[in-house]
file work15.csv (CSV, C-alpha atoms and all ligand atoms)
chain,number,residue,atom,x,y,z
X,1,MET,CA,77.3,18.7,114.6
X,2,GLU,CA,74.0,17.4,116.0
X,3,LEU,CA,72.4,18.2,119.3
X,4,ARG,CA,71.0,15.4,121.4
X,5,ASP,CA,67.5,14.5,120.3
X,6,LEU,CA,65.3,17.3,121.7
X,7,SER,CA,62.2,16.4,119.8
X,8,ASP,CA,60.3,15.4,123.0
X,9,HIS,CA,61.4,18.6,124.8
X,10,VAL,CA,59.0,21.5,125.0
X,11,GLU,CA,59.4,25.1,125.7
X,12,TYR,CA,58.2,26.6,129.0
X,13,ARG,CA,55.8,29.4,128.1
X,14,ALA,CA,55.6,31.9,130.9
X,15,GLY,CA,52.8,34.4,131.1
X,16,ARG,CA,53.7,37.5,129.1
X,17,GLY,CA,54.6,40.7,130.9
X,18,ILE,CA,52.8,44.0,130.9
X,19,GLU,CA,55.6,45.8,129.0
X,20,GLU,CA,55.5,43.2,126.3
X,21,VAL,CA,51.7,43.3,125.9
X,22,ALA,CA,51.6,47.1,126.0
X,23,ARG,CA,54.2,47.4,123.3
X,24,GLU,CA,52.4,44.9,121.1
X,25,LEU,CA,49.1,46.8,121.4
X,26,GLY,CA,50.8,50.2,121.3
X,27,ARG,CA,49.4,51.2,124.7
X,28,ASP,CA,50.6,52.5,128.0
X,29,PRO,CA,51.8,49.8,130.4
X,30,GLU,CA,49.9,51.7,133.2
X,31,GLU,CA,46.6,50.6,131.6
X,32,PHE,CA,47.2,47.0,132.4
X,33,VAL,CA,47.0,44.7,135.4
X,34,LYS,CA,48.8,41.4,135.3
X,35,LEU,CA,46.9,38.5,136.8
X,36,SER,CA,48.4,35.8,134.7
X,37,SER,CA,51.4,34.5,136.5
X,38,ASN,CA,50.3,34.0,140.2
X,39,GLU,CA,52.6,36.7,141.4
X,40,ASN,CA,52.3,38.5,144.7
X,41,PRO,CA,49.8,41.4,144.6
X,42,HIS,CA,51.7,43.3,147.3
X,43,GLY,CA,55.1,43.0,145.7
X,44,PRO,CA,58.1,41.7,147.6
X,45,SER,CA,58.5,41.8,151.4
X,46,PRO,CA,59.8,45.2,152.3
X,47,LYS,CA,62.3,43.6,154.5
X,48,ALA,CA,63.6,41.5,151.6
X,49,GLU,CA,63.8,44.6,149.5
X,50,ALA,CA,66.0,46.3,152.0
X,51,ALA,CA,68.1,43.1,152.3
X,52,ILE,CA,68.6,43.0,148.6
X,53,ARG,CA,69.9,46.6,148.6
X,54,ASP,CA,72.2,45.8,151.5
X,55,ALA,CA,73.6,42.7,149.8
X,56,ALA,CA,74.8,44.8,146.8
X,57,SER,CA,78.1,45.6,148.4
X,58,GLU,CA,79.0,41.9,149.0
X,59,VAL,CA,78.3,40.5,145.6
X,60,HIS,CA,82.0,40.2,144.7
X,61,ARG,CA,82.1,37.2,147.1
X,62,TYR,CA,80.9,33.7,146.6
X,63,PRO,CA,77.8,33.1,148.7
X,64,LYS,CA,78.9,30.4,151.2
X,65,ALA,CA,78.0,31.5,154.7
X,66,VAL,CA,74.8,33.1,153.7
X,67,HIS,CA,73.7,29.9,151.9
X,68,SER,CA,74.3,28.0,155.2
X,69,ASP,CA,72.4,30.6,157.2
X,70,LEU,CA,69.4,30.3,154.9
X,71,THR,CA,69.5,26.5,155.0
X,72,ASP,CA,69.7,26.6,158.8
X,73,ALA,CA,66.8,29.0,159.0
X,74,LEU,CA,64.7,26.8,156.7
X,75,ALA,CA,65.7,23.7,158.7
X,76,SER,CA,64.6,25.2,161.9
X,77,LYS,CA,61.3,26.5,160.4
X,78,TRP,CA,60.4,23.0,159.3
X,79,GLY,CA,62.0,21.0,162.2
X,80,VAL,CA,64.4,19.1,159.9
X,81,THR,CA,68.2,18.9,159.6
X,82,GLY,CA,70.1,21.2,157.3
X,83,GLU,CA,71.1,18.3,155.1
X,84,GLN,CA,67.4,17.8,154.3
X,85,VAL,CA,67.0,21.3,152.9
X,86,TRP,CA,68.0,21.6,149.2
X,87,VAL,CA,68.1,25.3,148.3
X,88,ALA,CA,68.0,26.0,144.6
X,89,ASN,CA,67.5,28.5,141.9
X,90,GLY,CA,63.7,28.6,142.2
X,91,GLY,CA,61.4,25.7,143.0
X,92,ASP,CA,62.2,24.7,139.4
X,93,GLY,CA,65.9,24.4,140.3
X,94,ALA,CA,65.0,22.2,143.2
X,95,LEU,CA,63.0,19.9,140.9
X,96,ASP,CA,66.1,19.6,138.8
X,97,TYR,CA,68.2,18.5,141.8
X,98,VAL,CA,65.7,15.9,142.7
X,99,ALA,CA,65.7,14.6,139.2
X,100,ARG,CA,69.5,14.5,139.2
X,101,ALA,CA,69.5,12.5,142.4
X,102,MET,CA,66.8,10.1,141.3
X,103,LEU,CA,66.8,9.3,137.6
X,104,ASP,CA,68.9,6.9,135.7
X,105,PRO,CA,68.6,7.2,131.9
X,106,GLY,CA,65.2,5.8,130.7
X,107,ASP,CA,63.6,6.0,134.2
X,108,ARG,CA,60.0,7.1,134.0
X,109,VAL,CA,58.2,9.8,136.0
X,110,LEU,CA,54.5,10.3,136.5
X,111,VAL,CA,53.1,13.8,136.2
X,112,PRO,CA,49.6,15.3,136.4
X,113,THR,CA,47.7,16.6,133.3
X,114,PRO,CA,46.6,19.3,133.2
X,115,GLY,CA,49.6,20.4,135.3
X,116,PHE,CA,52.8,22.2,135.7
X,117,THR,CA,55.0,21.7,132.6
X,118,TYR,CA,58.3,21.8,134.3
X,119,TYR,CA,58.1,18.3,135.9
X,120,GLY,CA,58.3,16.7,132.5
X,121,MET,CA,60.9,19.1,131.2
X,122,SER,CA,63.1,18.5,134.1
X,123,ALA,CA,62.8,14.7,133.8
X,124,ARG,CA,63.6,14.9,130.1
X,125,PHE,CA,66.7,17.0,130.8
X,126,HIS,CA,67.8,14.2,133.0
X,127,HIS,CA,67.2,11.6,130.4
X,128,GLY,CA,64.0,10.4,131.9
X,129,ASP,CA,60.7,9.5,130.2
X,130,VAL,CA,57.3,11.0,131.1
X,131,ALA,CA,54.0,9.4,131.7
X,132,GLU,CA,50.8,11.3,132.8
X,133,TYR,CA,47.9,10.8,135.1
X,134,ASP,CA,44.8,12.7,134.0
X,135,ILE,CA,43.0,14.5,136.8
X,136,ARG,CA,39.9,15.2,134.7
X,137,VAL,CA,36.9,13.3,135.7
X,138,ALA,CA,35.6,11.4,132.6
X,139,PRO,CA,32.5,13.1,131.2
X,140,GLY,CA,29.3,11.3,132.2
X,141,THR,CA,30.9,10.0,135.4
X,142,ASP,CA,28.5,10.5,138.3
X,143,ASP,CA,30.6,13.2,139.9
X,144,SER,CA,29.8,16.8,140.4
X,145,GLU,CA,33.4,17.9,140.1
X,146,ASP,CA,35.5,18.2,136.9
X,147,PHE,CA,38.8,17.3,138.6
X,148,ALA,CA,39.8,14.6,141.0
X,149,LEU,CA,43.0,15.0,143.0
X,150,THR,CA,42.8,11.7,144.7
X,151,ALA,CA,45.1,8.8,145.4
X,152,ASP,CA,43.0,6.6,143.1
X,153,THR,CA,43.5,8.9,140.1
X,154,VAL,CA,47.3,8.6,140.6
X,155,LEU,CA,47.4,4.9,141.5
X,156,ASP,CA,45.2,3.9,138.5
X,157,ALA,CA,47.8,5.4,136.2
X,158,TYR,CA,50.9,4.4,138.2
X,159,ASP,CA,53.1,1.8,136.5
X,160,GLY,CA,56.3,1.6,138.5
X,161,GLU,CA,57.5,5.1,137.8
X,162,ARG,CA,60.5,6.3,139.7
X,163,VAL,CA,59.1,9.6,140.7
X,164,VAL,CA,55.4,10.7,141.1
X,165,TYR,CA,54.6,14.4,141.2
X,166,LEU,CA,51.7,15.6,143.2
X,167,THR,CA,50.9,19.4,143.1
X,168,SER,CA,49.0,20.5,146.2
X,169,PRO,CA,47.5,23.0,145.9
X,170,HIS,CA,47.4,22.2,142.3
X,171,ASN,CA,48.1,24.6,139.4
X,172,PRO,CA,45.9,25.4,137.5
X,173,THR,CA,42.8,24.0,139.3
X,174,GLY,CA,43.4,25.2,142.8
X,175,ASP,CA,42.4,21.8,144.2
X,176,ARG,CA,44.5,19.9,146.7
X,177,PHE,CA,45.5,16.4,147.8
X,178,THR,CA,44.8,15.4,151.4
X,179,LEU,CA,47.7,14.2,153.4
X,180,ASP,CA,46.0,10.8,153.6
X,181,ALA,CA,46.1,10.7,149.8
X,182,VAL,CA,49.8,11.5,149.7
X,183,GLU,CA,50.4,8.7,152.2
X,184,ARG,CA,48.4,6.2,150.3
X,185,VAL,CA,50.3,7.0,147.1
X,186,GLY,CA,53.5,6.5,149.1
X,187,ASP,CA,52.3,3.3,150.6
X,188,GLU,CA,50.9,1.8,147.4
X,189,THR,CA,53.8,2.6,145.1
X,190,ASP,CA,57.1,0.7,145.0
X,191,ASP,CA,59.7,1.1,147.7
X,192,ASP,CA,62.0,2.9,145.2
X,193,THR,CA,59.3,5.4,144.0
X,194,LEU,CA,59.6,8.9,145.3
X,195,VAL,CA,56.5,11.0,145.8
X,196,VAL,CA,57.3,14.7,145.2
X,197,VAL,CA,54.7,17.0,146.8
X,198,ASP,CA,54.9,20.4,145.1
X,199,GLU,CA,53.6,22.9,147.7
X,200,ALA,CA,54.5,26.1,145.7
X,201,TYR,CA,51.1,27.5,146.9
X,202,GLY,CA,51.4,25.9,150.4
X,203,GLU,CA,51.0,29.2,152.3
X,204,PHE,CA,47.6,29.8,150.8
X,205,THR,CA,46.0,26.6,152.1
X,206,ASP,CA,45.1,25.7,155.7
X,207,ALA,CA,46.0,22.1,155.1
X,208,PRO,CA,49.1,20.8,156.9
X,209,SER,CA,52.4,20.5,154.9
X,210,ALA,CA,53.6,17.1,153.7
X,211,VAL,CA,56.9,17.9,155.4
X,212,SER,CA,55.3,16.4,158.5
X,213,LEU,CA,55.4,13.0,156.8
X,214,LEU,CA,59.2,13.1,156.5
X,215,ASP,CA,59.5,12.1,160.2
X,216,GLU,CA,58.4,8.6,159.3
X,217,ARG,CA,58.9,8.3,155.6
X,218,ASP,CA,61.9,8.1,153.2
X,219,ASP,CA,59.8,8.2,150.0
X,220,VAL,CA,58.4,11.7,150.1
X,221,ALA,CA,60.1,15.0,149.2
X,222,VAL,CA,58.4,18.4,149.4
X,223,LEU,CA,58.9,21.4,147.2
X,224,ARG,CA,58.5,25.0,148.4
X,225,THR,CA,59.2,28.4,146.8
X,226,PHE,CA,59.8,32.0,147.7
X,227,SER,CA,58.1,33.0,144.3
X,228,LYS,CA,54.5,33.1,145.4
X,229,ALA,CA,53.6,34.1,149.0
X,230,TYR,CA,56.9,35.7,149.6
X,231,GLY,CA,56.8,37.8,146.4
X,232,LEU,CA,60.3,36.9,145.3
X,233,ALA,CA,59.6,35.3,141.9
X,234,GLY,CA,62.3,37.5,140.2
X,235,ILE,CA,65.0,36.5,142.6
X,236,ARG,CA,64.6,32.7,141.8
X,237,LEU,CA,64.7,31.0,145.2
X,238,GLY,CA,63.1,27.7,146.2
X,239,TYR,CA,64.0,24.5,147.9
X,240,ALA,CA,63.1,20.9,148.5
X,241,VAL,CA,62.8,19.3,151.9
X,242,THR,CA,64.1,15.7,151.4
X,243,PRO,CA,64.2,12.5,153.4
X,244,SER,CA,66.8,12.4,156.2
X,245,ALA,CA,68.2,9.1,154.7
X,246,TRP,CA,69.5,11.0,151.7
X,247,ALA,CA,72.3,12.5,153.8
X,248,ASP,CA,75.0,14.1,151.6
X,249,ALA,CA,73.3,13.7,148.3
X,250,TYR,CA,72.7,17.4,147.9
X,251,ALA,CA,76.4,18.1,148.1
X,252,ARG,CA,76.8,15.7,145.2
X,253,VAL,CA,74.1,17.0,142.9
X,254,GLN,CA,73.9,20.8,143.5
X,255,THR,CA,75.3,23.3,141.1
X,256,PRO,CA,78.0,25.1,143.1
X,257,PHE,CA,76.4,28.1,144.9
X,258,ALA,CA,72.9,27.0,144.1
X,259,ALA,CA,71.3,30.3,145.0
X,260,SER,CA,72.9,33.8,144.7
X,261,ALA,CA,74.0,35.9,147.7
X,262,ILE,CA,71.2,38.3,146.9
X,263,ALA,CA,68.6,35.5,146.8
X,264,CYS,CA,69.8,34.1,150.1
X,265,ARG,CA,69.7,37.4,151.8
X,266,ALA,CA,66.3,38.2,150.4
X,267,GLY,CA,65.0,34.8,151.5
X,268,LEU,CA,66.4,35.2,155.0
X,269,ALA,CA,64.8,38.6,155.4
X,270,ALA,CA,61.5,37.4,153.9
X,271,LEU,CA,61.3,34.5,156.4
X,272,GLU,CA,61.4,37.1,159.2
X,273,ASP,CA,58.6,39.2,157.6
X,274,ASP,CA,55.4,37.4,158.9
X,275,GLU,CA,53.5,40.6,158.4
X,276,HIS,CA,54.0,40.6,154.6
X,277,VAL,CA,53.1,36.9,154.2
X,278,ASP,CA,50.0,37.3,156.5
X,279,GLN,CA,48.8,40.3,154.5
X,280,THR,CA,49.3,38.4,151.3
X,281,VAL,CA,47.4,35.4,152.4
X,282,GLU,CA,44.6,37.6,153.7
X,283,THR,CA,44.3,39.5,150.4
X,284,VAL,CA,44.3,36.3,148.5
X,285,ALA,CA,41.6,34.8,150.6
X,286,TRP,CA,39.5,37.9,150.1
X,287,SER,CA,40.1,37.9,146.4
X,288,ARG,CA,39.3,34.2,145.9
X,289,GLN,CA,36.0,34.7,147.7
X,290,TYR,CA,35.2,37.8,145.7
X,291,VAL,CA,35.7,36.0,142.4
X,292,HIS,CA,33.6,33.1,143.5
X,293,ASP,CA,30.8,35.4,144.7
X,294,GLU,CA,30.7,38.1,142.1
X,295,LEU,CA,31.7,36.4,138.8
X,296,ASP,CA,28.7,35.0,136.9
X,297,ALA,CA,30.6,32.0,135.6
X,298,ARG,CA,31.6,28.6,136.9
X,299,THR,CA,34.5,28.9,139.3
X,300,TYR,CA,36.3,26.2,141.2
X,301,GLU,CA,37.2,26.1,144.9
X,302,SER,CA,40.8,27.2,145.2
X,303,HIS,CA,43.4,26.7,147.9
X,304,ALA,CA,46.0,28.8,146.0
X,305,ASN,CA,46.4,32.4,144.9
X,306,PHE,CA,44.3,32.0,141.8
X,307,VAL,CA,40.9,30.9,140.7
X,308,LEU,CA,40.1,28.7,137.7
X,309,VAL,CA,37.1,29.9,135.7
X,310,GLU,CA,35.1,28.1,133.0
X,311,VAL,CA,34.5,30.6,130.2
X,312,GLY,CA,33.8,28.7,127.0
X,313,ASP,CA,36.4,29.9,124.5
X,314,ALA,CA,39.4,30.6,126.7
X,315,THR,CA,41.6,32.1,124.0
X,316,ALA,CA,38.9,34.5,122.8
X,317,VAL,CA,38.1,35.5,126.4
X,318,ALA,CA,41.7,36.0,127.4
X,319,GLU,CA,42.4,38.0,124.2
X,320,ALA,CA,39.3,40.3,124.9
X,321,ALA,CA,40.3,40.7,128.5
X,322,LYS,CA,43.8,41.7,127.5
X,323,ARG,CA,42.5,44.4,125.1
X,324,ALA,CA,40.4,45.6,128.1
X,325,GLY,CA,43.6,45.8,130.2
X,326,VAL,CA,43.5,42.6,132.2
X,327,LEU,CA,46.0,39.9,131.6
X,328,LEU,CA,44.7,36.4,132.5
X,329,ARG,CA,46.1,33.0,131.8
X,330,ASP,CA,44.5,31.2,128.9
X,331,CYS,CA,44.6,27.6,130.1
X,332,SER,CA,44.5,26.1,126.6
X,333,SER,CA,48.2,25.4,126.9
X,334,PHE,CA,47.4,23.3,130.0
X,335,GLY,CA,44.9,21.3,127.9
X,336,LEU,CA,41.9,23.3,129.2
X,337,PRO,CA,40.7,25.3,126.2
X,338,GLU,CA,37.5,26.3,128.1
X,339,HIS,CA,39.2,27.7,131.2
X,340,VAL,CA,41.1,30.8,132.2
X,341,ARG,CA,43.1,31.2,135.4
X,342,VAL,CA,42.8,34.5,137.3
X,343,THR,CA,45.5,35.3,139.8
X,344,CYS,CA,44.3,36.9,143.0
X,345,GLY,CA,45.2,40.6,142.9
X,346,THR,CA,44.7,43.5,145.3
X,347,ARG,CA,41.1,44.4,146.0
X,348,GLU,CA,41.2,47.0,143.2
X,349,GLU,CA,42.8,44.6,140.7
X,350,THR,CA,40.4,41.8,141.6
X,351,LYS,CA,37.3,44.1,141.2
X,352,ARG,CA,38.6,45.3,137.8
X,353,ALA,CA,39.3,41.7,136.7
X,354,VAL,CA,35.7,40.6,137.6
X,355,GLU,CA,34.2,43.7,135.9
X,356,VAL,CA,36.2,43.1,132.7
X,357,LEU,CA,35.5,39.4,132.7
X,358,THR,CA,31.8,40.0,133.2
X,359,GLU,CA,31.7,42.3,130.2
X,360,VAL,CA,33.8,40.0,128.1
X,361,LEU,CA,31.6,37.0,128.9
X,362,ASP,CA,28.5,39.0,128.0
X,363,GLU,CA,30.0,40.0,124.7
X,364,VAL,CA,31.3,36.5,123.8
X,365,VAL,CA,27.9,35.0,124.7
X,366,ALA,CA,26.1,37.6,122.7
X,367,GLU,CA,28.2,36.9,119.5
Z,1,LIG,C1,55.3,28.7,140.6
Z,1,LIG,C2,55.3,27.2,140.7
Z,1,LIG,C3,56.5,26.5,141.1
Z,1,LIG,C4,57.8,27.1,141.4
Z,1,LIG,O1,58.2,28.2,140.7
Z,1,LIG,P1,59.6,28.9,141.0
Z,1,LIG,O2,59.4,30.3,140.6
Z,1,LIG,O3,60.6,28.2,140.1
Z,1,LIG,O4,59.9,28.7,142.4
Z,1,LIG,C5,56.5,25.1,141.2
Z,1,LIG,N1,55.4,24.5,141.0
Z,1,LIG,C6,54.2,25.0,140.6
Z,1,LIG,C7,53.0,24.2,140.4
Z,1,LIG,C8,54.2,26.4,140.4
Z,1,LIG,O5,53.0,27.0,140.0
call {"tool": "encode", "arguments": {"input": "work15.csv", "output": "structure tokens", "more": "lines below"}}
Ligand SMILES: *Cc1c(COP(=O)(O)O)cnc(C)c1O
result
Amino acid sequence: MELRDLSDHVEYRAGRGIEEVARELGRDPEEFVKLSSNENPHGPSPKAEAAIRDAASEVHRYPKAVHSDLTDALASKWGVTGEQVWVANGGDGALDYVARAMLDPGDRVLVPTPGFTYYGMSARFHHGDVAEYDIRVAPGTDDSEDFALTADTVLDAYDGERVVYLTSPHNPTGDRFTLDAVERVGDETDDDTLVVVDEAYGEFTDAPSAVSLLDERDDVAVLRTFSKAYGLAGIRLGYAVTPSAWADAYARVQTPFAASAIACRAGLAALEDDEHVDQTVETVAWSRQYVHDELDARTYESHANFVLVEVGDATAVAEAAKRAGVLLRDCSSFGLPEHVRVTCGTREETKRAVEVLTEVLDEVVAE
């Protein structure tokens, strides 16, 4: 028996955990800090943690009411209707629902490179094809930046794709699209092209959300997640805010009980915990600035909870930092072999990361 042709499909490579790395190196997990997966430095919201415990006694029941409660809370947070909120198993799950609702076999999508791998994976699962727009500014171009998240970058590559993905703030550069750029992409693409604005890092930027565009547009959907600012990556909870014209499409494409009772309870509690999100955003802002100011390497302005750093040989630097106890993301897999991505940690973690990176960069240069 043959599987379908999976030769174009790629594996998602998540940042490795502390336990795994410690075991590989035969060391104590306590010696490591993990700044490779853009996780929350303060852990989960304490209110969400309590809600998770409380939810334990109800997990024999299918999560129906709690799913509606979460949908209603999100709808009211964003000023949209409940039908527009597509709750899912992580932001990734929401990307799948959008692909299910949009793609016929052979439809093409347009994704950023370097960029988040799951857009292309999700499109391929749903029998779509993937085209890329390159956000790197061509060498020699008269531009002081290396990356350009602009409408022109996207539109120059656009060729009638069914879905265009914009990550804002963008992973792994930390750069963002302006709302004007999002609107221009919407205006200058075909009527049946959807613009998905991925705001997984939306809480860390002062720019307004693209959800505001949904009052007037039916060609934009916005992705949000509880994994980053809310510190609930392990619970797998995210959602898309979709055009009002899509009405009952969610009911037709969702996996029954798209998010678990535990996830819904945790999400509801986290939405009430402004203190935790505020503290997270404040720490991240401090950490970003510290890395910019203190690290003697080229850093890029970031609107997210990480900073991209140009280091030369990213694999060698990430390996050396790992041996020194700091896990960073080698961006080679994103197609950036000279960059590492440093997640914003607590003050202590950030200082340690900068110290270790400084030493490692000295050593690598000295070699
Ligand atoms: C983290 C992330 C997501 C969503 O992740 P989930 O954990 O599935 O919610 C989506 N897009 C980007 C660019 C991300 O970095």
call {"tool": "closest_atom_pairs", "arguments": {"input": "work15.csv", "of": "chain X", "to": "ligand LIG 1 (chain Z)", "cutoff": "7 Å", "atoms": "only C-alpha atoms and all ligand atoms", "output": "JSON lines"}}
result
{"residue": "X:Gly90", "atom": "CA", "partner": "Z:LIG1", "partner_atom": "O3", "distance": 3.8}
{"residue": "X:Gly91", "atom": "CA", "partner": "Z:LIG1", "partner_atom": "O4", "distance": 3.4}
{"residue": "X:Asp92", "atom": "CA", "partner": "Z:LIG1", "partner_atom": "O3", "distance": 3.9}
{"residue": "X:Gly93", "atom": "CA", "partner": "Z:LIG1", "partner_atom": "O3", "distance": 6.5}
{"residue": "X:Phe116", "atom": "CA", "partner": "Z:LIG1", "partner_atom": "C7", "distance": 5.1}
{"residue": "X:Thr167", "atom": "CA", "partner": "Z:LIG1", "partner_atom": "C7", "distance": 5.9}
{"residue": "X:His170", "atom": "CA", "partner": "Z:LIG1", "partner_atom": "C7", "distance": 6.2}
{"residue": "X:Asn171", "atom": "CA", "partner": "Z:LIG1", "partner_atom": "C7", "distance": 5.0}
{"residue": "X:Asp198", "atom": "CA", "partner": "Z:LIG1", "partner_atom": "N1", "distance": 5.8}
{"residue": "X:Ala200", "atom": "CA", "partner": "Z:LIG1", "partner_atom": "C5", "distance": 5.0}
{"residue": "X:Thr225", "atom": "CA", "partner": "Z:LIG1", "partner_atom": "O4", "distance": 4.5}
{"residue": "X:Phe226", "atom": "CA", "partner": "Z:LIG1", "partner_atom": "O4", "distance": 6.2}
{"residue": "X:Ser227", "atom": "CA", "partner": "Z:LIG1", "partner_atom": "O2", "distance": 4.8}
{"residue": "X:Lys228", "atom": "CA", "partner": "Z:LIG1", "partner_atom": "C1", "distance": 6.6}
{"residue": "X:Ala233", "atom": "CA", "partner": "Z:LIG1", "partner_atom": "O2", "distance": 5.2}
{"residue": "X:Arg236", "atom": "CA", "partner": "Z:LIG1", "partner_atom": "O2", "distance": 5.9}
{"residue": "X:Leu237", "atom": "CA", "partner": "Z:LIG1", "partner_atom": "O4", "distance": 6.0}
{"residue": "X:Gly238", "atom": "CA", "partner": "Z:LIG1", "partner_atom": "O4", "distance": 5.1}
call {"tool": "closest_residue", "arguments": {"input": "work15.csv", "among": "X:Arg23, X:Arg329, X:Arg265, X:Arg347", "to": "Ile52 (chain X)", "atoms": "only C-alpha atoms"}}
result
X:Arg265
call {"tool": "closest_residue", "arguments": {"input": "work15.csv", "among": "X:Ile18, X:Val307, X:Ala251, X:Leu25", "to": "Ala285 (chain X)", "atoms": "all atoms listed in the file"}}
result
X:Val307
call {"tool": "closest_residue", "arguments": {"input": "work15.csv", "among": "X:Ser36, X:Thr173, X:Thr113, X:Thr193", "to": "Thr299 (chain X)", "atoms": "only C-alpha atoms"}}
result
X:Thr173
call {"tool": "atom_distance", "arguments": {"input": "work15.csv", "atom1": "CA of Arg352 (chain X)", "atom2": "CA of Arg13 (chain X)"}}
result
25.4 Å
call {"tool": "atom_distance", "arguments": {"input": "work15.csv", "atom1": "CA of Pro243 (chain X)", "atom2": "CA of Ala221 (chain X)"}}
result
6.4 Å
call {"tool": "atom_distance", "arguments": {"input": "work15.csv", "atom1": "CA of Ala314 (chain X)", "atom2": "CA of Glu338 (chain X)"}}
result
4.9 Å
call {"tool": "residues_around", "arguments": {"input": "work15.csv", "residues": "Ser76 (chain X)", "least_positions_apart": "6", "cutoff": "12 Å", "atoms": "only C-alpha atoms", "output": "PDB file with C-alpha atoms, in the frame of the given file"}}
result
ATOM      1  CA  ASP X  69      72.400  30.600 157.200  1.00  0.00           C
ATOM      2  CA  LEU X  70      69.400  30.300 154.900  1.00  0.00           C
ATOM      3  CA  GLY X  82      70.100  21.200 157.300  1.00  0.00           C
ATOM      4  CA  GLU X  83      71.100  18.300 155.100  1.00  0.00           C
ATOM      5  CA  GLN X  84      67.400  17.800 154.300  1.00  0.00           C
ATOM      6  CA  VAL X  85      67.000  21.300 152.900  1.00  0.00           C
ATOM      7  CA  VAL X 241      62.800  19.300 151.900  1.00  0.00           C
ATOM      8  CA  LEU X 271      61.300  34.500 156.400  1.00  0.00           C
TER       9      LEU X 271
END
